[in-house]
Amino acid sequence: MSRHLPFEVIGRADAELPLVMTCEHAASDLPEWSAQNEDQAFLGDHWGWDPGAAELTRALWDEIGGVAVLSRFSRLVCDPNRDPSDPTFIVEKIEDHALSWNQGLDDQERERRRVHYHEPYHGAIDQVLKARMAQKRPPRLLSIHSFTPVYRGEHRSVEIGVLFDDHEPQADALLEALSATGLRVLPNEPYSGYAGLIHAARRHGRQHGLVYLELEIRQDLIATADQITKLSRLIGPAIAEYARGSETVENKSPR
Ligand SMILES: [Zn+2]
């Protein structure tokens, strides 16, 4: 195992804004493997990471503050936004293409990836949250993702999705504030938070009793540096307002 750290933390746990952003699909890196030519198309596309999501997370952090934790490995090593027991935790094949570094994996290698990638990433989020809770300044959690504008031939008209399961009132409030910017924002689109797809936010939210949501941004809105700067300015205030709700509302979620 190289010294490659599987996560990056931006900001400090005592940040003024009570917000912890996480970005599970921030990178397309394969820290220990070299992909073959035929793998590259998948690794560089939405299968391998969420294009634009890391840059947007950084831009939002510049704009409003808080803390951000980003992954530094492709979801095709193992997916930080899935429970390790999920069949899609490590994907062997995409659309009939067998990913070269994921062939013939035994339980030991699956476990090694969990220990060397998945757990350190989640451990970094836990560290930030523990420090924050020790200061008695509970934050709100927001997981930042991006989705492809065309999926299996179908164009998606939603521009931002607010994904939730436990925290519908907070999701509604954020949705309303984001919609006021003129963007097309929908609840639980293009996927539902009820489908077990917001693993990271849910895991940490439930463990620490915090409100958690996931934001899905359509990739063509964050394809250039200029777009990312503009979007972070446009939606930053709504996210800051969501975070500040943690100071006025009791944050008890069911275990
Ligand atoms: Zn994602």
# chains A, B, ... in the order shown; residues from 1 in each chain; ligands from 1
>>> closest_atom_pairs(of="chain A", to="ligand 1", cutoff="7 Å", atoms="only C-alpha atoms and all ligand atoms", output="CSV")
residue,atom,partner,partner_atom_place_in_ligand_line,distance
A:Glu24,CA,ligand 1,1 (Zn),6.4
A:His25,CA,ligand 1,1 (Zn),5.0
A:Trp49,CA,ligand 1,1 (Zn),6.8
A:Asp50,CA,ligand 1,1 (Zn),5.3
A:His145,CA,ligand 1,1 (Zn),4.3
A:Ser146,CA,ligand 1,1 (Zn),5.7
A:Phe147,CA,ligand 1,1 (Zn),7.0
>>> closest_atom_pairs(of="stretch 161-212 of chain A", to="stretch 223-246 of chain A", cutoff="7 Å", atoms="only C-alpha atoms", output="tab-separated table")
residue	atom	partner	partner_atom	distance
A:Leu174	CA	A:Tyr242	CA	6.1
A:Ala177	CA	A:Ala238	CA	5.4
A:Leu178	CA	A:Ala238	CA	6.0
A:Thr181	CA	A:Leu234	CA	6.8
>>> write_last_selection(atoms="N, CA and C atoms", output="PDB file, in the first residue's frame")
ATOM      1  N   LEU A 174     -34.691  23.532   1.918  1.00  0.00           N
ATOM      2  CA  LEU A 174     -33.542  23.721   1.029  1.00  0.00           C
ATOM      3  C   LEU A 174     -34.005  23.763  -0.428  1.00  0.00           C
ATOM      4  N   ALA A 177     -35.477  27.143  -1.214  1.00  0.00           N
ATOM      5  CA  ALA A 177     -34.448  28.179  -1.333  1.00  0.00           C
ATOM      6  C   ALA A 177     -33.653  28.022  -2.634  1.00  0.00           C
ATOM      7  N   LEU A 178     -33.377  26.791  -3.020  1.00  0.00           N
ATOM      8  CA  LEU A 178     -32.638  26.559  -4.275  1.00  0.00           C
ATOM      9  C   LEU A 178     -33.508  26.893  -5.481  1.00  0.00           C
ATOM     10  N   THR A 181     -33.692  30.433  -6.897  1.00  0.00           N
ATOM     11  CA  THR A 181     -32.627  30.936  -7.771  1.00  0.00           C
ATOM     12  C   THR A 181     -32.987  30.759  -9.245  1.00  0.00           C
TER      13      THR A 181
END
>>> closest_residue(among="A:Pro18, A:Pro139, A:Pro6, A:Gly161", to="A:Arg184", atoms="only C-alpha atoms")
A:Gly161
>>> select_by_dssp(residues="stretch 8-203 of chain A", states="alpha helix (DSSP H)", output="number ranges by chain")
A: 37-44, 53-64, 107-113, 119-134, 168-179, 199-203
>>> residues_around(residues="A:Glu32", least_positions_apart="2", cutoff="10 Å", atoms="only C-alpha atoms", output="PyMOL selection string")
chain A and resi 1-2+4+29-30+34-35+73+77+101
>>> atom_distance(atom1="atom CA of A:Ser71", atom2="atom CA of A:Ala200")
11.5 Å
>>> select_by_dssp(residues="stretch 53-205 of chain A", states="strand (DSSP E)", output="mmCIF file with C-alpha atoms, in the first residue's frame")
data_model
loop_
_atom_site.group_PDB
_atom_site.id
_atom_site.type_symbol
_atom_site.label_atom_id
_atom_site.label_comp_id
_atom_site.auth_asym_id
_atom_site.auth_seq_id
_atom_site.Cartn_x
_atom_site.Cartn_y
_atom_site.Cartn_z
ATOM 1 C CA VAL A 67 -15.661 21.833 6.464
ATOM 2 C CA ALA A 68 -15.438 19.521 3.471
ATOM 3 C CA VAL A 69 -14.225 15.917 3.246
ATOM 4 C CA LEU A 70 -13.466 14.557 -0.227
ATOM 5 C CA SER A 71 -12.519 11.080 -1.384
ATOM 6 C CA LYS A 93 -18.402 -5.083 -14.818
ATOM 7 C CA ILE A 94 -20.017 -2.073 -16.465
ATOM 8 C CA HIS A 97 -17.051 -4.473 -19.936
ATOM 9 C CA ALA A 98 -14.999 -6.301 -17.281
ATOM 10 C CA ARG A 140 -25.657 19.790 9.287
ATOM 11 C CA LEU A 141 -24.429 17.278 6.753
ATOM 12 C CA LEU A 142 -24.596 17.708 3.014
ATOM 13 C CA SER A 143 -23.237 15.154 0.598
ATOM 14 C CA ILE A 144 -22.384 16.650 -2.834
ATOM 15 C CA HIS A 145 -22.765 14.570 -6.004
ATOM 16 C CA SER A 146 -23.262 15.062 -9.728
ATOM 17 C CA PHE A 147 -25.321 13.119 -12.270
ATOM 18 C CA VAL A 150 -28.299 11.735 -20.341
ATOM 19 C CA TYR A 151 -28.695 8.273 -18.860
ATOM 20 C CA GLU A 154 -32.878 9.567 -21.725
ATOM 21 C CA HIS A 155 -32.411 13.278 -21.112
ATOM 22 C CA ILE A 160 -30.568 19.786 -8.955
ATOM 23 C CA GLY A 161 -31.966 16.973 -6.848
ATOM 24 C CA VAL A 162 -32.373 17.179 -3.077
ATOM 25 C CA LEU A 163 -32.169 13.612 -1.767
ATOM 26 C CA VAL A 185 -34.894 21.556 -8.351
ATOM 27 C CA LEU A 186 -36.811 18.384 -7.455
ATOM 28 C CA PRO A 187 -37.031 16.149 -4.381
#
>>> residues_around(residues="A:Tyr212", least_positions_apart="4", cutoff="9 Å", atoms="only C-alpha atoms", output="VMD selection string")
chain A and resid 140 to 143 164 to 167 170 to 171 201 to 202 204 to 206
>>> residues_around(residues="A:Asp86", least_positions_apart="5", cutoff="12 Å", atoms="only C-alpha atoms", output="PDB file with C-alpha atoms, in the first residue's frame")
ATOM      1  CA  CYS A  78     -14.842   0.548  -3.875  1.00  0.00           C
ATOM      2  CA  ASP A  79     -17.778   2.888  -3.462  1.00  0.00           C
ATOM      3  CA  PRO A  80     -17.673   5.220  -0.430  1.00  0.00           C
ATOM      4  CA  ASN A  81     -21.378   5.876  -0.917  1.00  0.00           C
ATOM      5  CA  VAL A  91     -18.317  -3.273  -9.387  1.00  0.00           C
ATOM      6  CA  ARG A 110     -12.572  -6.924  -0.777  1.00  0.00           C
ATOM      7  CA  ALA A 195     -33.339   3.593  -2.141  1.00  0.00           C
ATOM      8  CA  GLY A 196     -30.281   3.259   0.122  1.00  0.00           C
ATOM      9  CA  LEU A 197     -28.250   5.453  -2.240  1.00  0.00           C
ATOM     10  CA  HIS A 199     -25.248   5.832   2.383  1.00  0.00           C
TER      11      HIS A 199
END
>>> closest_residue(among="A:Leu76, A:Leu19, A:Ala180, A:Val115", to="A:Glu247", atoms="only C-alpha atoms")
A:Leu19
>>> closest_residue(among="A:Leu99, A:Leu105, A:Cys23, A:Leu17", to="A:Leu43", atoms="only C-alpha atoms")
A:Leu99
>>> closest_residue(among="A:Tyr191, A:Tyr121, A:Trp47, A:Trp61", to="A:Glu95", atoms="only C-alpha atoms")
A:Trp47
>>> atom_distance(atom1="atom CA of A:Arg58", atom2="atom CA of A:Leu215")
14.5 Å
>>> decode(residues="stretch 118-163 of chain A", atoms="N, CA and C atoms", output="short mmCIF file (atom, residue, chain, number, x, y, z; two decimals), in the first residue's frame")
data_model
loop_
_atom_site.label_atom_id
_atom_site.label_comp_id
_atom_site.auth_asym_id
_atom_site.auth_seq_id
_atom_site.Cartn_x
_atom_site.Cartn_y
_atom_site.Cartn_z
N HIS A 118 -12.36 2.63 2.15
CA HIS A 118 -13.69 3.01 2.63
C HIS A 118 -13.63 3.53 4.07
N GLU A 119 -13.02 2.77 4.96
CA GLU A 119 -13.01 3.15 6.38
C GLU A 119 -12.21 4.43 6.66
N PRO A 120 -11.00 4.60 6.09
CA PRO A 120 -10.29 5.87 6.34
C PRO A 120 -11.08 7.09 5.88
N TYR A 121 -11.76 6.96 4.75
CA TYR A 121 -12.58 8.07 4.26
C TYR A 121 -13.68 8.40 5.29
N HIS A 122 -14.39 7.36 5.71
CA HIS A 122 -15.47 7.60 6.68
C HIS A 122 -14.91 7.98 8.06
N GLY A 123 -13.74 7.44 8.37
CA GLY A 123 -13.09 7.81 9.63
C GLY A 123 -12.76 9.30 9.67
N ALA A 124 -12.37 9.86 8.52
CA ALA A 124 -12.05 11.29 8.45
C ALA A 124 -13.30 12.12 8.73
N ILE A 125 -14.43 11.69 8.19
CA ILE A 125 -15.70 12.40 8.45
C ILE A 125 -16.04 12.31 9.94
N ASP A 126 -15.87 11.11 10.50
CA ASP A 126 -16.14 10.91 11.93
C ASP A 126 -15.29 11.83 12.81
N GLN A 127 -14.01 11.96 12.45
CA GLN A 127 -13.10 12.82 13.22
C GLN A 127 -13.62 14.25 13.25
N VAL A 128 -14.00 14.75 12.08
CA VAL A 128 -14.51 16.12 11.98
C VAL A 128 -15.77 16.27 12.83
N LEU A 129 -16.67 15.29 12.72
CA LEU A 129 -17.93 15.39 13.45
C LEU A 129 -17.72 15.28 14.95
N LYS A 130 -16.81 14.40 15.37
CA LYS A 130 -16.53 14.27 16.81
C LYS A 130 -15.97 15.57 17.37
N ALA A 131 -15.05 16.18 16.63
CA ALA A 131 -14.46 17.45 17.08
C ALA A 131 -15.53 18.52 17.20
N ARG A 132 -16.40 18.54 16.23
CA ARG A 132 -17.48 19.53 16.19
C ARG A 132 -18.45 19.30 17.37
N MET A 133 -18.80 18.04 17.63
CA MET A 133 -19.73 17.73 18.70
C MET A 133 -19.10 18.05 20.06
N ALA A 134 -17.77 17.84 20.16
CA ALA A 134 -17.07 18.14 21.42
C ALA A 134 -17.15 19.63 21.73
N GLN A 135 -17.25 20.44 20.67
CA GLN A 135 -17.40 21.90 20.89
C GLN A 135 -18.86 22.28 21.08
N LYS A 136 -19.73 21.26 21.11
CA LYS A 136 -21.17 21.48 21.24
C LYS A 136 -21.70 22.38 20.12
N ARG A 137 -21.17 22.18 18.92
CA ARG A 137 -21.66 22.95 17.77
C ARG A 137 -22.03 21.98 16.65
N PRO A 138 -23.17 21.30 16.83
CA PRO A 138 -23.55 20.29 15.84
C PRO A 138 -23.78 20.91 14.46
N PRO A 139 -23.19 20.32 13.43
CA PRO A 139 -23.38 20.84 12.09
C PRO A 139 -24.52 20.11 11.37
N ARG A 140 -24.83 20.58 10.20
CA ARG A 140 -25.66 19.79 9.29
C ARG A 140 -24.77 19.18 8.22
N LEU A 141 -25.20 18.02 7.75
CA LEU A 141 -24.43 17.28 6.75
C LEU A 141 -25.03 17.47 5.37
N LEU A 142 -24.15 17.64 4.40
CA LEU A 142 -24.60 17.71 3.01
C LEU A 142 -23.60 16.97 2.14
N SER A 143 -24.08 15.95 1.48
CA SER A 143 -23.24 15.15 0.60
C SER A 143 -23.43 15.69 -0.83
N ILE A 144 -22.30 15.99 -1.52
CA ILE A 144 -22.38 16.65 -2.83
C ILE A 144 -22.04 15.65 -3.94
N HIS A 145 -22.96 15.50 -4.88
CA HIS A 145 -22.76 14.57 -6.00
C HIS A 145 -23.16 15.24 -7.32
N SER A 146 -22.79 14.58 -8.43
CA SER A 146 -23.26 15.06 -9.73
C SER A 146 -23.81 13.89 -10.53
N PHE A 147 -24.73 14.19 -11.45
CA PHE A 147 -25.32 13.12 -12.27
C PHE A 147 -25.25 13.48 -13.74
N THR A 148 -25.25 12.45 -14.56
CA THR A 148 -25.10 12.65 -16.00
C THR A 148 -26.42 13.14 -16.62
N PRO A 149 -26.34 14.14 -17.52
CA PRO A 149 -27.56 14.71 -18.10
C PRO A 149 -28.34 13.72 -18.96
N VAL A 150 -27.62 12.75 -19.53
CA VAL A 150 -28.30 11.73 -20.34
C VAL A 150 -27.94 10.37 -19.78
N TYR A 151 -28.96 9.60 -19.41
CA TYR A 151 -28.69 8.27 -18.86
C TYR A 151 -29.47 7.23 -19.65
N ARG A 152 -28.77 6.28 -20.21
CA ARG A 152 -29.36 5.23 -21.05
C ARG A 152 -30.30 5.85 -22.08
N GLY A 153 -29.79 6.90 -22.76
CA GLY A 153 -30.53 7.52 -23.86
C GLY A 153 -31.59 8.52 -23.45
N GLU A 154 -31.83 8.65 -22.14
CA GLU A 154 -32.88 9.57 -21.72
C GLU A 154 -32.33 10.86 -21.13
N HIS A 155 -32.86 11.99 -21.62
CA HIS A 155 -32.41 13.28 -21.11
C HIS A 155 -33.10 13.59 -19.79
N ARG A 156 -32.33 14.04 -18.82
CA ARG A 156 -32.91 14.38 -17.52
C ARG A 156 -33.10 15.89 -17.43
N SER A 157 -34.34 16.31 -17.17
CA SER A 157 -34.61 17.76 -17.15
C SER A 157 -34.34 18.38 -15.77
N VAL A 158 -34.30 17.56 -14.73
CA VAL A 158 -34.01 18.10 -13.39
C VAL A 158 -32.57 18.62 -13.36
N GLU A 159 -32.37 19.79 -12.73
CA GLU A 159 -31.03 20.38 -12.69
C GLU A 159 -30.32 20.09 -11.35
N ILE A 160 -31.10 20.14 -10.27
CA ILE A 160 -30.57 19.79 -8.95
C ILE A 160 -31.59 18.90 -8.25
N GLY A 161 -31.10 17.82 -7.66
CA GLY A 161 -31.97 16.97 -6.85
C GLY A 161 -31.59 17.09 -5.38
N VAL A 162 -32.61 17.20 -4.52
CA VAL A 162 -32.37 17.18 -3.08
C VAL A 162 -32.83 15.81 -2.58
N LEU A 163 -31.86 14.99 -2.17
CA LEU A 163 -32.17 13.61 -1.77
C LEU A 163 -32.27 13.51 -0.25
#
